[in-house]
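Source file work20.cif; content: mmCIF, C-alpha atoms.
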data_data
loop_
_atom_site.label_atom_id
_atom_site.label_comp_id
_atom_site.auth_asym_id
_atom_site.auth_seq_id
_atom_site.Cartn_x
_atom_site.Cartn_y
_atom_site.Cartn_z
CA MET S 1 90.06 77.07 131.92
CA ILE S 2 89.40 80.70 132.68
CA PRO S 3 92.08 82.97 134.15
CA ALA S 4 91.63 84.31 137.66
CA PRO S 5 90.35 87.89 137.63
CA PHE S 6 92.81 90.69 136.97
CA ALA S 7 92.71 94.38 136.20
CA TYR S 8 93.71 95.33 132.66
CA GLU S 9 95.61 98.48 131.79
CA ARG S 10 96.69 99.53 128.33
CA ALA S 11 99.98 101.40 128.25
CA ALA S 12 100.19 104.39 125.92
CA SER S 13 103.98 104.51 125.80
CA VAL S 14 107.03 102.74 127.20
CA GLU S 15 107.30 105.42 129.91
CA ASP S 16 103.65 104.92 130.79
CA ALA S 17 104.13 101.15 130.98
CA VAL S 18 107.19 101.57 133.22
CA ALA S 19 105.29 103.94 135.53
CA ARG S 20 102.39 101.51 135.79
CA LEU S 21 104.74 98.62 136.57
CA ALA S 22 106.50 100.69 139.23
CA ARG S 23 103.16 101.59 140.77
CA HIS S 24 101.82 98.03 140.89
CA GLY S 25 105.05 96.32 141.95
CA GLU S 26 105.01 92.53 142.28
CA ASP S 27 101.32 92.28 141.36
CA ALA S 28 101.71 93.32 137.73
CA LYS S 29 102.73 91.41 134.62
CA VAL S 30 103.50 92.78 131.18
CA LEU S 31 101.26 91.50 128.39
CA ALA S 32 102.81 91.48 124.91
CA GLY S 33 101.41 88.93 122.42
CA GLY S 34 100.23 86.81 125.32
CA HIS S 35 101.22 83.46 123.84
CA SER S 36 103.33 82.48 126.83
CA LEU S 37 101.45 84.44 129.49
CA ILE S 38 97.82 83.63 128.62
CA PRO S 39 98.35 79.84 128.83
CA LEU S 40 99.93 80.39 132.27
CA LEU S 41 97.02 82.59 133.33
CA ARG S 42 94.54 79.99 132.18
CA LEU S 43 96.27 77.24 134.14
CA ARG S 44 96.44 79.74 137.01
CA PHE S 45 100.17 79.13 137.32
CA ALA S 46 100.39 82.92 137.07
CA ARG S 47 97.89 85.05 139.00
CA PRO S 48 98.89 88.68 138.57
CA SER S 49 96.37 91.22 139.81
CA VAL S 50 97.16 93.65 136.98
CA LEU S 51 98.13 93.12 133.35
CA VAL S 52 99.88 96.02 131.64
CA ASP S 53 99.28 95.58 127.92
CA ILE S 54 102.07 97.00 125.75
CA GLY S 55 100.42 95.78 122.55
CA ARG S 56 99.38 99.27 121.45
CA VAL S 57 102.59 101.10 122.37
CA PRO S 58 103.81 102.88 119.23
CA GLY S 59 107.32 102.21 117.99
CA LEU S 60 107.81 98.80 119.58
CA ASP S 61 107.52 96.71 116.46
CA GLY S 62 109.39 96.36 113.23
CA VAL S 63 112.92 95.63 112.07
CA ARG S 64 115.49 98.32 111.27
CA ASP S 65 119.09 98.22 110.15
CA ASP S 66 121.28 100.78 111.92
CA GLY S 67 124.54 98.89 111.52
CA GLU S 68 123.06 96.13 113.62
CA LEU S 69 119.57 94.73 113.26
CA SER S 70 117.23 96.44 115.67
CA ILE S 71 114.13 94.35 116.24
CA GLY S 72 111.31 95.91 118.23
CA ALA S 73 110.15 93.85 121.20
CA MET S 74 106.56 93.61 119.89
CA THR S 75 107.63 92.28 116.49
CA ARG S 76 105.62 89.12 115.89
CA TYR S 77 107.36 85.87 114.94
CA CYS S 78 105.70 85.93 111.51
CA ASP S 79 107.11 89.39 110.82
CA VAL S 80 110.59 88.34 111.96
CA GLU S 81 110.28 85.33 109.65
CA ALA S 82 109.15 87.47 106.71
CA SER S 83 111.51 90.43 107.21
CA PRO S 84 113.84 90.98 104.23
CA LEU S 85 116.39 92.56 106.63
CA VAL S 86 116.39 89.49 108.88
CA ALA S 87 116.61 87.22 105.82
CA GLU S 88 119.65 89.13 104.59
CA HIS S 89 121.53 89.81 107.81
CA ALA S 90 120.48 87.11 110.27
CA PRO S 91 118.88 84.24 108.33
CA LEU S 92 119.45 81.93 111.31
CA LEU S 93 116.92 83.99 113.25
CA ALA S 94 114.37 83.82 110.43
CA ALA S 95 114.74 80.04 110.34
CA ALA S 96 114.26 79.76 114.10
CA ALA S 97 111.22 82.05 114.05
CA ALA S 98 109.67 79.86 111.34
CA GLU S 99 110.00 76.87 113.69
CA VAL S 100 107.98 78.40 116.52
CA GLY S 101 104.55 76.84 117.12
CA ASP S 102 102.31 77.18 114.10
CA GLU S 103 101.02 79.96 111.81
CA GLN S 104 98.44 81.18 114.34
CA VAL S 105 100.98 81.28 117.16
CA ARG S 106 103.48 83.11 114.95
CA HIS S 107 100.82 85.67 114.09
CA ARG S 108 100.52 86.66 117.76
CA GLY S 109 103.67 85.71 119.68
CA THR S 110 106.40 88.33 119.88
CA ILE S 111 110.17 88.14 119.98
CA GLY S 112 110.33 90.26 123.13
CA GLY S 113 107.66 88.23 124.87
CA SER S 114 109.49 85.05 124.12
CA ILE S 115 112.76 86.38 125.51
CA CYS S 116 111.15 87.77 128.66
CA HIS S 117 109.36 84.48 129.28
CA GLY S 118 112.83 82.89 129.53
CA ASP S 119 111.77 79.43 128.43
CA PRO S 120 114.73 77.08 127.84
CA ALA S 121 112.73 75.52 124.99
CA SER S 122 112.57 78.76 122.99
CA ASP S 123 113.84 78.31 119.43
CA VAL S 124 114.32 82.01 118.94
CA ALA S 125 116.34 82.43 122.13
CA ALA S 126 118.88 79.83 121.02
CA ALA S 127 119.23 81.48 117.62
CA LEU S 128 119.75 84.86 119.25
CA LEU S 129 122.40 83.41 121.60
CA ALA S 130 124.27 82.00 118.63
CA LEU S 131 124.00 85.36 116.90
CA GLY S 132 125.40 87.22 119.94
CA ALA S 133 122.30 89.36 120.49
CA THR S 134 121.85 92.07 123.09
CA VAL S 135 118.57 93.24 124.58
CA VAL S 136 117.67 96.82 125.43
CA VAL S 137 115.46 97.33 128.48
CA ARG S 138 113.98 100.55 129.76
CA GLY S 139 113.02 101.30 133.35
CA PRO S 140 112.56 104.25 135.71
CA GLY S 141 116.34 104.86 135.72
CA GLY S 142 116.62 104.90 131.94
CA GLU S 143 117.87 102.39 129.46
CA ARG S 144 120.35 99.55 129.82
CA ARG S 145 121.74 96.97 127.48
CA ILE S 146 122.16 93.37 128.54
CA ALA S 147 123.96 90.66 126.61
CA LEU S 148 121.39 87.94 126.03
CA GLU S 149 123.60 85.37 127.74
CA GLU S 150 123.42 87.36 130.94
CA PHE S 151 119.70 87.94 130.53
CA PHE S 152 118.70 84.32 131.14
CA VAL S 153 119.34 83.53 134.80
CA GLY S 154 117.13 80.53 135.62
CA PHE S 155 114.02 78.59 134.64
CA LEU S 156 111.54 81.22 133.38
CA GLU S 157 113.70 83.76 135.17
CA THR S 158 115.49 86.69 133.55
CA ALA S 159 117.58 89.70 134.54
CA ILE S 160 114.81 92.18 133.76
CA ALA S 161 113.53 94.12 136.77
CA ARG S 162 109.86 94.24 137.71
CA ASP S 163 109.54 97.81 136.49
CA GLU S 164 111.47 97.41 133.25
CA ILE S 165 110.23 96.78 129.72
CA LEU S 166 112.23 95.04 127.02
CA VAL S 167 112.04 97.42 124.08
CA GLU S 168 114.45 96.10 121.49
CA VAL S 169 116.62 93.16 120.50
CA ARG S 170 119.89 94.03 118.79
CA VAL S 171 121.48 91.47 116.51
CA PRO S 172 124.91 91.86 114.90
CA VAL S 173 124.63 91.45 111.14
CA THR S 174 126.38 88.41 109.77
CA SER S 175 126.96 86.55 106.56
CA ALA S 176 128.44 83.50 108.30
CA PRO S 177 127.05 80.08 107.42
CA TRP S 178 124.41 78.85 109.84
CA ALA S 179 122.05 76.00 110.62
CA PHE S 180 119.09 75.40 112.89
CA GLU S 181 118.05 71.90 113.93
CA LYS S 182 114.98 70.99 115.93
CA PHE S 183 113.79 67.60 117.08
CA ASN S 184 110.19 67.05 118.07
CA ARG S 185 107.67 64.28 117.59
CA ARG S 186 104.63 66.24 116.43
CA ALA S 187 104.23 69.23 114.15
CA GLN S 188 103.93 72.53 116.04
CA ASP S 189 105.44 71.09 119.25
CA TRP S 190 108.17 72.65 121.31
CA ALA S 191 111.64 71.30 120.63
CA ILE S 192 112.55 68.25 122.67
CA VAL S 193 116.06 69.43 121.85
CA GLY S 194 117.19 71.99 119.31
CA CYS S 195 120.37 73.68 118.28
CA ALA S 196 121.46 76.84 116.52
CA VAL S 197 124.85 77.13 114.87
CA LEU S 198 126.57 80.19 113.51
CA ALA S 199 129.72 78.97 111.78
CA GLY S 200 132.59 81.11 110.54
CA SER S 201 135.85 82.11 112.15
CA GLU S 202 134.45 82.10 115.70
CA PRO S 203 131.74 79.48 115.65
CA ARG S 204 128.89 79.83 118.12
CA VAL S 205 126.60 77.02 119.13
CA ALA S 206 123.47 77.32 121.27
CA LEU S 207 121.12 74.67 122.59
CA VAL S 208 117.34 74.55 123.02
CA ASN S 209 115.92 72.76 126.06
CA MET S 210 119.18 71.36 127.45
CA ALA S 211 119.23 73.28 130.74
CA THR S 212 117.07 75.55 132.86
CA THR S 213 117.79 78.35 130.38
CA PRO S 214 118.62 78.61 126.70
CA ARG S 215 122.41 78.24 126.67
CA ARG S 216 125.51 78.05 124.55
CA ALA S 217 127.71 74.99 124.23
CA PRO S 218 131.14 76.48 125.04
CA LEU S 219 133.06 73.21 124.85
CA VAL S 220 131.79 72.60 121.33
CA GLU S 221 132.80 76.10 120.33
CA GLU S 222 136.29 75.69 121.85
CA ALA S 223 136.77 72.35 120.13
CA LEU S 224 135.82 73.86 116.79
CA ALA S 225 138.21 76.75 117.38
CA ARG S 226 140.97 74.19 117.95
CA GLY S 227 140.13 72.62 114.60
CA ALA S 228 138.14 69.61 115.80
CA SER S 229 135.85 67.89 113.32
CA ALA S 230 132.10 68.37 113.51
CA ARG S 231 131.73 64.88 114.97
CA GLU S 232 134.43 65.38 117.62
CA ALA S 233 133.05 68.77 118.62
CA ALA S 234 129.45 67.56 118.66
CA ASP S 235 130.36 64.76 121.08
CA LEU S 236 130.90 67.51 123.65
CA ALA S 237 127.47 69.08 123.11
CA SER S 238 125.90 67.87 126.33
CA GLU S 239 128.92 68.51 128.57
CA GLY S 240 127.88 70.71 131.46
CA THR S 241 124.21 70.71 130.50
CA GLU S 242 121.32 69.81 132.80
CA PRO S 243 118.60 68.61 130.44
CA PRO S 244 115.17 67.89 131.91
CA SER S 245 113.57 64.45 132.05
CA ASP S 246 109.90 64.60 131.20
CA ALA S 247 107.13 62.83 129.32
CA ASN S 248 108.79 63.61 126.00
CA ALA S 249 112.31 62.39 126.68
CA SER S 250 114.73 61.34 129.39
CA ALA S 251 117.74 63.50 130.17
CA GLN S 252 119.93 60.75 128.73
CA PHE S 253 118.04 60.78 125.42
CA ARG S 254 118.27 64.55 125.31
CA ARG S 255 122.06 64.35 125.72
CA HIS S 256 122.19 61.94 122.81
CA LEU S 257 119.95 64.20 120.73
CA ALA S 258 122.13 67.22 121.50
CA SER S 259 125.20 65.53 120.04
CA VAL S 260 123.33 64.31 116.97
CA LEU S 261 121.68 67.64 116.28
CA VAL S 262 124.85 69.65 116.84
CA ARG S 263 126.74 67.37 114.47
CA ARG S 264 124.03 67.71 111.82
CA ALA S 265 123.92 71.45 112.20
CA LEU S 266 127.70 71.80 112.02
CA GLU S 267 127.83 69.64 108.92
CA ARG S 268 125.01 71.55 107.28
CA ALA S 269 126.57 74.91 108.11
CA SER S 270 129.92 73.85 106.63
CA ARG S 271 128.43 72.74 103.31
CA MET V 1 85.56 97.19 130.43
CA GLU V 2 84.05 98.64 127.25
CA LEU V 3 84.95 96.63 124.16
CA ARG V 4 84.36 97.60 120.55
CA LEU V 5 84.89 95.11 117.77
CA THR V 6 84.05 94.83 114.12
CA VAL V 7 82.85 91.25 113.79
CA ASN V 8 82.11 89.96 110.29
CA GLY V 9 81.75 93.55 109.14
CA ALA V 10 79.33 94.66 111.85
CA GLN V 11 80.29 96.94 114.70
CA VAL V 12 79.52 95.47 118.09
CA SER V 13 80.25 96.82 121.53
CA GLY V 14 79.77 95.51 124.99
CA ASP V 15 81.15 95.26 128.46
CA VAL V 16 83.60 92.46 129.17
CA GLU V 17 85.64 91.26 132.11
CA PRO V 18 89.32 91.61 131.20
CA ARG V 19 89.85 87.88 131.72
CA THR V 20 87.29 86.98 129.03
CA LEU V 21 88.89 85.06 126.20
CA LEU V 22 88.00 86.11 122.68
CA VAL V 23 86.52 82.70 121.87
CA HIS V 24 84.13 82.91 124.81
CA HIS V 25 83.13 86.45 123.93
CA LEU V 26 82.34 85.40 120.36
CA ARG V 27 80.39 82.32 121.37
CA THR V 28 78.64 83.47 124.51
CA ALA V 29 78.14 87.21 124.22
CA LEU V 30 77.77 87.39 120.43
CA GLY V 31 76.23 83.97 119.84
CA LEU V 32 78.71 83.07 117.11
CA THR V 33 79.03 79.41 117.97
CA GLY V 34 80.62 78.42 114.66
CA THR V 35 83.96 78.99 116.34
CA LYS V 36 84.67 75.94 118.49
CA VAL V 37 86.48 75.39 121.74
CA GLY V 38 88.65 72.33 121.33
CA CYS V 39 91.79 71.67 123.31
CA ASP V 40 91.63 74.98 125.15
CA THR V 41 95.45 75.07 125.15
CA SER V 42 96.26 76.77 121.81
CA SER V 43 97.18 73.46 120.22
CA CYS V 44 94.21 72.22 118.16
CA GLY V 45 93.15 75.29 116.19
CA ALA V 46 89.38 74.67 116.45
CA CYS V 47 88.99 78.22 117.78
CA THR V 48 90.84 79.86 114.87
CA VAL V 49 89.42 83.20 113.70
CA LEU V 50 90.92 86.07 111.74
CA LEU V 51 92.07 89.05 113.77
CA ASP V 52 92.77 91.97 111.44
CA GLY V 53 93.01 89.45 108.63
CA ARG V 54 95.47 87.03 110.24
CA SER V 55 94.60 83.66 111.71
CA VAL V 56 94.81 83.48 115.52
CA LYS V 57 93.74 81.02 118.16
CA SER V 58 90.95 82.84 119.92
CA CYS V 59 91.36 80.73 123.07
CA THR V 60 94.71 82.45 123.57
CA VAL V 61 93.65 86.03 122.90
CA LEU V 62 91.93 88.14 125.52
CA ALA V 63 88.84 89.85 124.17
CA VAL V 64 90.27 93.17 125.38
CA GLN V 65 93.37 92.63 123.24
CA ALA V 66 91.11 92.66 120.19
CA ASP V 67 89.49 95.98 121.13
CA GLY V 68 89.16 98.14 118.02
CA CYS V 69 90.12 95.26 115.73
CA GLU V 70 88.35 93.43 112.97
CA VAL V 71 87.36 89.84 113.69
CA THR V 72 86.20 87.40 111.05
CA THR V 73 84.61 84.10 112.03
CA ILE V 74 83.31 81.24 109.93
CA GLU V 75 79.89 82.93 109.95
CA GLY V 76 81.41 85.86 108.07
CA LEU V 77 82.69 83.96 105.04
CA ALA V 78 79.65 83.04 102.96
CA ASP V 79 78.02 85.71 100.78
CA GLY V 80 74.35 85.18 101.55
CA ASP V 81 73.52 81.72 100.26
CA GLU V 82 76.71 81.52 98.26
CA LEU V 83 79.42 79.59 100.04
CA HIS V 84 82.91 80.98 100.26
CA PRO V 85 85.18 79.19 97.75
CA LEU V 86 86.92 77.33 100.58
CA GLN V 87 83.62 76.23 102.06
CA ALA V 88 82.53 74.99 98.65
CA ALA V 89 85.87 73.24 98.13
CA PHE V 90 85.62 71.52 101.54
CA HIS V 91 82.20 70.27 100.44
CA ASP V 92 83.42 69.13 97.04
CA HIS V 93 86.51 67.34 98.38
CA HIS V 94 84.85 65.71 101.35
CA ALA V 95 87.19 67.66 103.59
CA LEU V 96 85.14 67.11 106.70
CA GLN V 97 84.00 64.10 108.62
CA CYS V 98 82.67 64.99 112.08
CA GLY V 99 83.09 68.67 111.19
CA TYR V 100 84.33 69.90 114.54
CA CYS V 101 87.69 71.12 113.24
CA THR V 102 86.18 72.53 110.05
CA PRO V 103 85.52 76.17 111.02
CA GLY V 104 89.03 76.56 112.43
CA MET V 105 90.55 74.66 109.53
CA ILE V 106 88.80 76.93 107.01
CA MET V 107 89.75 80.14 108.83
CA ALA V 108 93.38 79.00 109.01
CA ALA V 109 93.25 78.17 105.31
CA VAL V 110 91.81 81.61 104.44
CA SER V 111 94.79 83.21 106.16
CA LEU V 112 97.22 80.77 104.56
CA LEU V 113 95.90 81.46 101.06
CA ARG V 114 96.34 85.17 101.60
CA GLU V 115 99.86 84.94 102.92
CA ARG V 116 101.71 82.08 101.32
CA ARG V 117 102.16 81.49 97.62
CA PRO V 118 102.92 79.30 95.85
CA LEU V 119 101.27 76.50 97.81
CA ASP V 120 101.96 72.84 97.25
CA ASP V 121 100.94 69.82 99.27
CA ALA V 122 103.80 70.19 101.76
CA ALA V 123 103.23 73.93 102.18
CA VAL V 124 99.54 73.43 102.90
CA ARG V 125 100.30 70.71 105.43
CA ARG V 126 102.87 72.92 107.10
CA GLY V 127 100.57 75.93 106.95
CA LEU V 128 97.78 74.02 108.68
CA GLU V 129 99.96 72.34 111.31
CA GLY V 130 98.21 74.39 113.97
CA ASN V 131 94.90 72.66 113.23
CA LEU V 132 94.16 69.12 114.28
CA CYS V 133 91.55 66.87 112.70
CA ARG V 134 90.78 64.06 115.11
CA CYS V 135 89.08 62.16 112.29
CA THR V 136 92.48 62.38 110.53
CA GLY V 137 90.79 63.54 107.36
CA TYR V 138 93.75 65.63 106.30
CA ARG V 139 93.93 64.44 102.72
CA GLY V 140 90.59 65.95 101.70
CA ILE V 141 91.40 69.14 103.58
CA VAL V 142 94.70 69.60 101.78
CA GLU V 143 93.06 68.85 98.42
CA ALA V 144 90.34 71.42 99.08
CA VAL V 145 92.86 74.15 99.92
CA LEU V 146 95.01 73.29 96.90
CA ALA V 147 91.94 73.38 94.66
CA VAL V 148 91.11 76.93 95.76
CA ALA V 149 94.75 78.00 95.36
CA ALA V 150 94.81 76.54 91.84
CA SER V 151 91.54 78.18 90.79
CA GLU V 152 92.78 81.54 92.01
CA ASP V 153 96.21 81.15 90.43
CA ALA V 154 94.46 80.37 87.15
CA ARG V 155 92.97 83.85 87.15
CA PRO V 156 95.92 86.24 86.84
CA GLY V 157 95.51 89.35 88.95
CA ALA V 158 92.81 87.74 91.00
CA ALA V 159 95.00 85.73 93.36
CA GLY V 160 93.58 85.96 96.84
CA ALA V 161 90.56 87.91 95.62
CA ALA V 162 87.95 85.36 96.55
CA VAL V 163 89.38 84.74 99.97
CA ALA V 164 89.93 88.42 100.65
CA ARG V 165 86.31 89.32 101.02
#
Could you spell out this file's structure in structure tokens?
Amino acid sequence: MIPAPFAYERAASVEDAVARLARHGEDAKVLAGGHSLIPLLRLRFARPSVLVDIGRVPGLDGVRDDGELSIGAMTRYCDVEASPLVAEHAPLLAAAAAEVGDEQVRHRGTIGGSICHGDPASDVAAALLALGATVVVRGPGGERRIALEEFFVGFLETAIARDEILVEVRVPVTSAPWAFEKFNRRAQDWAIVGCAVLAGSEPRVALVNMATTPRRAPLVEEALARGASAREAADLASEGTEPPSDANASAQFRRHLASVLVRRALERASR
Amino acid sequence: MELRLTVNGAQVSGDVEPRTLLVHHLRTALGLTGTKVGCDTSSCGACTVLLDGRSVKSCTVLAVQADGCEVTTIEGLADGDELHPLQAAFHDHHALQCGYCTPGMIMAAVSLLRERRPLDDAAVRRGLEGNLCRCTGYRGIVEAVLAVAASEDARPGAAGAAVAR
């Protein structure tokens, strides 16, 4: 499986990347780590005529603490997983990053690439939703911040414009108890269903692969806020979701899994 | 486009189409056929090489993404006639049956030994979850990796030294 031909351009800076995207319009795709895009190119599900590689753009990787965690878009999963700052201030994210693919995939895949791909099965996206993350995108008109919940708009569809680059993920620091649960049948697989929980005074619960986008479970959160038990709250996990039916699981089984995993995560986070 | 790589310590350059995958460049243009194409979908790990010292699946890296980088393949591990400690350990522990997964398995293990310590059985299995052995010979593979980890840990200050070359 060889990708269809494309032109390859290496951006020198974010501004340069934005200018190139503006120039090429619909024909261009941004290449970060390539671990979502290259499989699509190989299957020829994606056939861009130009790839704009942001892999060498200085300043796009690494984790900083400026009151919130600032995680550069090109930060690889393995570096998110290993970051002492992430371990201290957002351990839920480190745990989710450690669940992505396998060592080789985590060496290449990036947090920004994952978010921009908009896959509902992304472990990291669910963790970031539970953590209340914001993304920073830069385009020809300057910079804008988008709450992650508003960033995911449909299956593999996000709020980023064609000529914008995601530059940074901002994560509020937290010491709240947390848990991440993932169900799959084989090591390294995508989650059939997963769930991220950030407990504490305003609990937040997010689901992996239970809709066309990564999403929160608002009814579970409301029930917890009312003082419901983990079991009672978890029973509401699949309310309002639209889980897929595929070779791995039926929608009905996914609904069941969502309740089980949310209950487990809530119990683990409250220990 | 013009591509410059350092492959197993030697500088190589050439002209590649941007759509060329690193694994195909290594095998076809450079003749390094030790790196295998397996599943072709970044699942099986047969194509694992080191890119700037970290294991990657070379079927999911464009050759142009590796421009200017250092690539190590299975051909780059042995020192002349002397096998790399992991190669020797795979031999000693019967860690290969048909052998098709072996180059990728060993490259993944080189990276794992550099990055993750301490290693126990579960950590090795988790660390190699990106590499499939269709002969299901995992037990020997895990034993071989643990044996190298143990021999390095037994030499204080030398941890990772053998696999770092």
Going by the chain IDs and residue numbers used in this file, which residues fall under the PyMOL selection byres ((chain V) within 10 of (chain S))? Write them as an MDAnalysis selection string. chainID V and resid 1 17:21 24 40:45 48:51 54:62 64:65 108 111:112 125:131
Could you write those residues out with C-alpha atoms, as an mmCIF file, in the coordinates of the input?
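Result file out.cif:
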data_model
loop_
_atom_site.group_PDB
_atom_site.id
_atom_site.type_symbol
_atom_site.label_atom_id
_atom_site.label_comp_id
_atom_site.auth_asym_id
_atom_site.auth_seq_id
_atom_site.Cartn_x
_atom_site.Cartn_y
_atom_site.Cartn_z
ATOM 1 C CA MET V 1 85.560 97.190 130.430
ATOM 2 C CA GLU V 17 85.640 91.260 132.110
ATOM 3 C CA PRO V 18 89.320 91.610 131.200
ATOM 4 C CA ARG V 19 89.850 87.880 131.720
ATOM 5 C CA THR V 20 87.290 86.980 129.030
ATOM 6 C CA LEU V 21 88.890 85.060 126.200
ATOM 7 C CA HIS V 24 84.130 82.910 124.810
ATOM 8 C CA ASP V 40 91.630 74.980 125.150
ATOM 9 C CA THR V 41 95.450 75.070 125.150
ATOM 10 C CA SER V 42 96.260 76.770 121.810
ATOM 11 C CA SER V 43 97.180 73.460 120.220
ATOM 12 C CA CYS V 44 94.210 72.220 118.160
ATOM 13 C CA GLY V 45 93.150 75.290 116.190
ATOM 14 C CA THR V 48 90.840 79.860 114.870
ATOM 15 C CA VAL V 49 89.420 83.200 113.700
ATOM 16 C CA LEU V 50 90.920 86.070 111.740
ATOM 17 C CA LEU V 51 92.070 89.050 113.770
ATOM 18 C CA ARG V 54 95.470 87.030 110.240
ATOM 19 C CA SER V 55 94.600 83.660 111.710
ATOM 20 C CA VAL V 56 94.810 83.480 115.520
ATOM 21 C CA LYS V 57 93.740 81.020 118.160
ATOM 22 C CA SER V 58 90.950 82.840 119.920
ATOM 23 C CA CYS V 59 91.360 80.730 123.070
ATOM 24 C CA THR V 60 94.710 82.450 123.570
ATOM 25 C CA VAL V 61 93.650 86.030 122.900
ATOM 26 C CA LEU V 62 91.930 88.140 125.520
ATOM 27 C CA VAL V 64 90.270 93.170 125.380
ATOM 28 C CA GLN V 65 93.370 92.630 123.240
ATOM 29 C CA ALA V 108 93.380 79.000 109.010
ATOM 30 C CA SER V 111 94.790 83.210 106.160
ATOM 31 C CA LEU V 112 97.220 80.770 104.560
ATOM 32 C CA ARG V 125 100.300 70.710 105.430
ATOM 33 C CA ARG V 126 102.870 72.920 107.100
ATOM 34 C CA GLY V 127 100.570 75.930 106.950
ATOM 35 C CA LEU V 128 97.780 74.020 108.680
ATOM 36 C CA GLU V 129 99.960 72.340 111.310
ATOM 37 C CA GLY V 130 98.210 74.390 113.970
ATOM 38 C CA ASN V 131 94.900 72.660 113.230
#
Once the PyMOL selection byres ((chain S and resi 143-154) around 10) has been applied to the shown file, what residues remain in the selection, as an NGL selection string? :S and (115-120 or 125-126 or 128-142 or 155-160 or 164-170 or 211-216)
Item to check | Distance query Leu5 (chain V) at most 6 Å, only C-alpha atoms, self and fewer than 3 positions along chain excluded, as a list in words | outcome: Gln11, Val12, Asp67, Gly68 and Cys69 of chain V
Given the selection you just returned, output its residues as a file containing C-alpha atoms, formatted as a short mmCIF file (atom, residue, chain, number, x, y, z; two decimals), in the coordinates of the input.
data_model
loop_
_atom_site.label_atom_id
_atom_site.label_comp_id
_atom_site.auth_asym_id
_atom_site.auth_seq_id
_atom_site.Cartn_x
_atom_site.Cartn_y
_atom_site.Cartn_z
CA GLN V 11 80.29 96.94 114.70
CA VAL V 12 79.52 95.47 118.09
CA ASP V 67 89.49 95.98 121.13
CA GLY V 68 89.16 98.14 118.02
CA CYS V 69 90.12 95.26 115.73
#
Mind telling me what the PyMOL selection byres ((chain S and resi 221) around 9) catches here, as a list of chain:residue names?
-> S:Glu202, S:Pro203, S:Arg204, S:Val205, S:Arg216, S:Ala217, S:Pro218, S:Leu219, S:Val220, S:Glu222, S:Ala223, S:Leu224, S:Ala225, S:Arg226, S:Ala233
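Minimum atom-to-atom distance to Lys182 (chain S), evaluated using only C-alpha atoms, belongs to S:Gly194 out of S:Gly194, S:Pro91, S:Gly240, S:Gly72.
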To one decimal place, how far is CA of Arg255 (chain S) from CA of Val208 (chain S) in Å?
->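 Spanning CA of Arg255 (chain S) to CA of Val208 (chain S) is a straight-line distance of 11.6 Å.
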Distance criterion (all atoms listed in the file): nearest to Glu152 (chain V) out of V:Leu86, V:Tyr100, V:Arg139, V:Leu77: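 The answer is V:Leu86, which sits nearest to Glu152 (chain V).
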Counting all atoms listed in the file, which residues have an atom no more than 12 Å from (87.2, 61.5, 112.6) in the file's coordinates? Please list them as a list in words.
Ala95, Leu96, Gln97, Cys98, Gly99, Tyr100, Cys101, Thr102, Leu132, Cys133, Arg134, Cys135, Thr136, Gly137 and Tyr138 of chain V
| field | Ala87 (chain S) environment, 12 Å, only C-alpha atoms, sequence neighbours closer than 3 positions dropped, as a PyMOL selection string | value | chain S and resi 63+69+79-84+90-98+173-175
